[in-house]
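Encoded as structure tokens, the structure appears first; notes follow it.
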Amino acid sequence: MTLERRCLDDWLAEMPGPALAALLRDAHFGVAVMRDDGTLLAVNSPFAQIVGRDAADLVGHPWAQCAIAEERHGVRQWLRQFRRGERLHLNMDQRVTDAAGATRWVRLTVRRAHGDLLLVVAHAVGDAVVAQDALRRSEERLRLAIDATGAGWWDWDLRADIVDYSEPFERLLHYTGDDFHRDFRFRDRLHAQDRERCLRAVDAALQEGVEFDEIYRLCCFDGRYRWFRGRGRTYRGADGRPERFVGLLFDWQAHHEQEARLRRSERRMAHLARHDPLTQLPNRLHWDERLQAAIALARRQHGRLAVLMLDLDRFKWVNDGLGHEVGDALLRDMALRLRQRLRQSDVLARWGGDEFTILLDPIDTPDDAARVARALLEIAGQPWEAPDGQSLTVGASIGIALYPEHGHDAESLLRSADAALYAVKAQGRGGFRFNTEELNQQAHRGLLIESRLRRAVQTGAFHLVYQPQWCMASGRLTGAEALLRWTDPVLGGIPPDTFIPIAEACGLMPALGDWVLAQACATLRQWRAAGWHDAEMAVNVSPRQLADEAFFRRLTGHLERHAIPPAALELEVTESTLMDSGPQPERIVGAVKALGMRVVVDDFGVGHSSLALLKRLAMDGLKIDRSFVRDLVDDEDDRQICAAILAMAKHLRLRVVAEGVETEAHWRLLRDMGCDRWQGYWRDGQPQPADAVLARALAH
């Protein structure tokens, strides 16, 4: 006797219903008996075959375990209805898993037998594997599409009166219990003000076939009402009667919140598109709109306006030396200061970096713009307290252009104001200046030079010349200073004091300076290899180079590549580079000196001369600017200045080189004052090719 037979016979021996026992024994279709809690008490052989499991694996176990996971809630729901007496029979198609884990379709007819016993009749349906796979793929695609919306679905089997709900449906209502079908009643959860309307809509969908699409409130399981949107549709069978009512539930409250966030985001993006995120001032786009509108109005009314370009003088020092956070705080506070000094009708914009633009609209006379410029310079020059408590002073420079005197459109006015600002900076900063036609011409030429300069950097259209340096005491040629020269095929020869500031301003100087260092080191190696064994080379270094973290690495690379001893190379830096560029140049200077190279102050006396700086950095020497040497013979003041510089240098043990020595009288006076070295046009000392300098050195 098989295990299946024994299980069945044991149960039949105690079965109080002879007819039910006979049905189990003799039926050729699947028959099972279960309690209304779902426990299987007996199954016949056809039932076990239809389900695809051994009878021993079925008897004593809940029927819900045979159903696929998605339909187990539905099984518990109709079993609960049988227990409560709400249902006496059931016809439905059920998906079950067999012993191998495969899915099978089973058509069930369930009826109450007697007491707590249910009679279950089963038939195999849907054996076509291809059809089932296609259905499964379709369901998976549908599930993915629904999950992507964040919605929950319901599926109401109208003939069986069983409703299946998806897990997202339960999550939308914040359900955390163990039996959602038991705990959820749509009618009871509807808000009182929405109940009648929604139930009418459901009835219309069922009876008339119209689409259900309603917005309503449901009481979630956390006790709070939330807005939802339900969309559903009724599907009818072959007889035209409604079979299923299927739909989706959307969190409409989240939708509204998302829309509100989107609207806020759009407003924020519109603001950011027209305002500087750091200072909240108008940016270039907003500024250009306001300026063009103001020009159009002034043109119609024959009015006047002024455009001011303001640049903070020592902002780079603050930003590089104290950090970007301190620099940002300074810009924010400076924006507030400047805004307070302007009228409501004026426009203050951040142009970028440490540059601000101001539109004064309207003005009556140029004096109105001058008064505002003085007020802005005053407020910018007031001490500013950094977040760490330091008191700093930066100052500002301002260029001014007037409409209609200096331009009739936004571009020309901005160009004119920028030219005036550039002129203020060239004169030493800390002031303001109106645009002039001369400045416009200079600006135009500057733009042309910049364009040609960029092309020259790409094509390598530069060369070096070398100005000899002599020892005062012995007359020996000790070395030379490498000087950069550029002859443009269109503009001709461009003086260094013209193109170097432009290269510095447009960011070309690091690359250009590195090329100069490489060429100078190569020349120095050739000189020493040719017999000038103690030759020295002086090279000018720009502020941009000293502010570059990679400068020291490139410098040592040139020395190693050309086998140049560090002591043979001398770097010349200006006073303003060391005073105005923050701590980075000082760190580079310290590293260079530690390597054994010499560092001297170029053009001493014409910038921010600082004895404290000379002492702190332990500079190796300085160069007296040619402006003090030119009138040395006839000007008592220049003689006193040179004598004072040389006396100070001797006390600090600094080597001094005098520039611009053009006569024997210059040479004698400087020699008698104790100057160490000189360079200039006297004795054919003009800048010259490397071969000419080498020939003179070897001839001595």
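Note on naming: chains are A, B, ... as they come in the structure tokens, residues start from 1 per chain, ligands start from 1 in the order shown.
Taking only C-alpha atoms, the non-local environment of A:Asp631 within 12 Å (same-chain residues fewer than 5 positions away omitted) comprises Asp625, Arg626, Glu636, Asp637, Asp638, Arg639, Gln640, Ile641, Cys642, Gly660, Val661, Glu662, Thr663, Ala665, His666 and Leu669 of chain A.
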Take the residues just selected and output them with C-alpha atoms as a PDB file, in the first residue's frame.
```
ATOM      1  CA  ASP A 625      66.583 100.303 -10.810  1.00  0.00           C
ATOM      2  CA  ARG A 626      67.825 102.165 -13.874  1.00  0.00           C
ATOM      3  CA  GLU A 636      71.846 114.888  -5.973  1.00  0.00           C
ATOM      4  CA  ASP A 637      68.692 113.059  -4.841  1.00  0.00           C
ATOM      5  CA  ASP A 638      69.475 110.056  -7.041  1.00  0.00           C
ATOM      6  CA  ARG A 639      73.047 109.977  -5.702  1.00  0.00           C
ATOM      7  CA  GLN A 640      71.759 109.999  -2.123  1.00  0.00           C
ATOM      8  CA  ILE A 641      69.228 107.249  -2.887  1.00  0.00           C
ATOM      9  CA  CYS A 642      71.869 105.042  -4.513  1.00  0.00           C
ATOM     10  CA  GLY A 660      71.310 101.164 -16.701  1.00  0.00           C
ATOM     11  CA  VAL A 661      75.009 102.046 -16.537  1.00  0.00           C
ATOM     12  CA  GLU A 662      75.536 103.941 -19.782  1.00  0.00           C
ATOM     13  CA  THR A 663      78.639 106.106 -19.151  1.00  0.00           C
ATOM     14  CA  ALA A 665      80.805 108.590 -15.037  1.00  0.00           C
ATOM     15  CA  HIS A 666      77.940 106.290 -13.929  1.00  0.00           C
ATOM     16  CA  LEU A 669      80.274 106.929  -9.073  1.00  0.00           C
TER      17      LEU A 669
END
```
| message | With only C-alpha atoms as the counted atoms, please give the residues lying no more than 7 Å from A:Gly399, apart from itself and same-chain residues fewer than 4 positions off, as number ranges by chain. | response | A: 308-310, 417-418, 420-421, 432-434
| For A:Phe228, which of A:Leu272, A:Glu214, A:Arg241, A:Lys316 is the closest residue, counting only C-alpha atoms? |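 With only C-alpha atoms as the atom set, the closest residue is A:Glu214.
Distance check against A:Ala505 using only C-alpha atoms: of A:His562, A:Lys425, A:Arg337, A:Arg185, the minimum falls on A:Lys425.
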| message | Could you list, as a PyMOL selection string, every residue within 12 Å of A:Tyr466, counting only C-alpha atoms and ignoring same-chain residues fewer than 2 positions away? | response | chain A and resi 463-464+468-469+479-485+516+519-520+523-524+536-539+679-680+685-694
Dump as a short mmCIF file (atom, residue, chain, number, x, y, z; two decimals), in the first residue's frame, selection limited to C-alpha atoms:
```
data_model
loop_
_atom_site.label_atom_id
_atom_site.label_comp_id
_atom_site.auth_asym_id
_atom_site.auth_seq_id
_atom_site.Cartn_x
_atom_site.Cartn_y
_atom_site.Cartn_z
CA HIS A 463 64.02 84.33 -28.63
CA LEU A 464 66.40 85.27 -25.84
CA PRO A 468 76.38 90.99 -19.77
CA GLN A 469 77.08 91.65 -16.08
CA GLY A 479 77.55 86.27 -16.33
CA ALA A 480 74.47 87.68 -17.98
CA GLU A 481 70.76 88.33 -17.56
CA ALA A 482 68.45 86.41 -19.92
CA LEU A 483 65.95 88.77 -21.58
CA LEU A 484 62.91 87.72 -23.59
CA ARG A 485 62.33 89.29 -27.02
CA VAL A 516 62.68 81.08 -20.79
CA GLN A 519 66.44 78.10 -22.86
CA ALA A 520 68.54 79.99 -20.30
CA THR A 523 72.63 78.36 -22.89
CA LEU A 524 74.38 78.29 -19.51
CA GLU A 536 76.27 82.68 -14.04
CA MET A 537 72.79 83.30 -15.42
CA ALA A 538 70.09 85.64 -14.07
CA VAL A 539 66.46 84.93 -15.03
CA GLN A 679 75.08 96.04 -16.40
CA GLY A 680 74.17 98.56 -19.07
CA GLY A 685 76.94 96.07 -22.82
CA GLN A 686 73.61 96.03 -24.67
CA PRO A 687 71.61 92.74 -24.82
CA GLN A 688 73.13 90.44 -27.45
CA PRO A 689 73.09 86.86 -28.72
CA ALA A 690 74.52 84.08 -26.57
CA ASP A 691 77.52 83.50 -28.89
CA ALA A 692 78.59 87.15 -28.65
CA VAL A 693 78.53 87.09 -24.83
CA LEU A 694 80.53 83.85 -24.79
#
```
| message | What parts of stretch 526-563 of chain A does DSSP call alpha helix (DSSP H)? I'd like the answer as number ranges by chain. | response | A: 526-529, 543-546, 551-561
| message | What's around A:Trp515 at 12 Å? Count only C-alpha atoms, leave out sequence neighbours fewer than 2 positions away in its own chain, and write the answer as an NGL selection string. | response | :A and (457-458 or 460-464 or 482-484 or 508-513 or 517-522 or 539-541 or 545 or 551 or 554-555 or 558)
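With only C-alpha atoms as the basis for measurement, A:Tyr403 is the residue among A:Leu24, A:Tyr403, A:Gly150, A:Ala205 that approaches A:Leu297 most closely.
Each of A:Arg525, A:Arg290, A:Arg332, A:Arg171 was compared to A:Ala410 using only C-alpha atoms, and A:Arg290 turns out to be the nearest.
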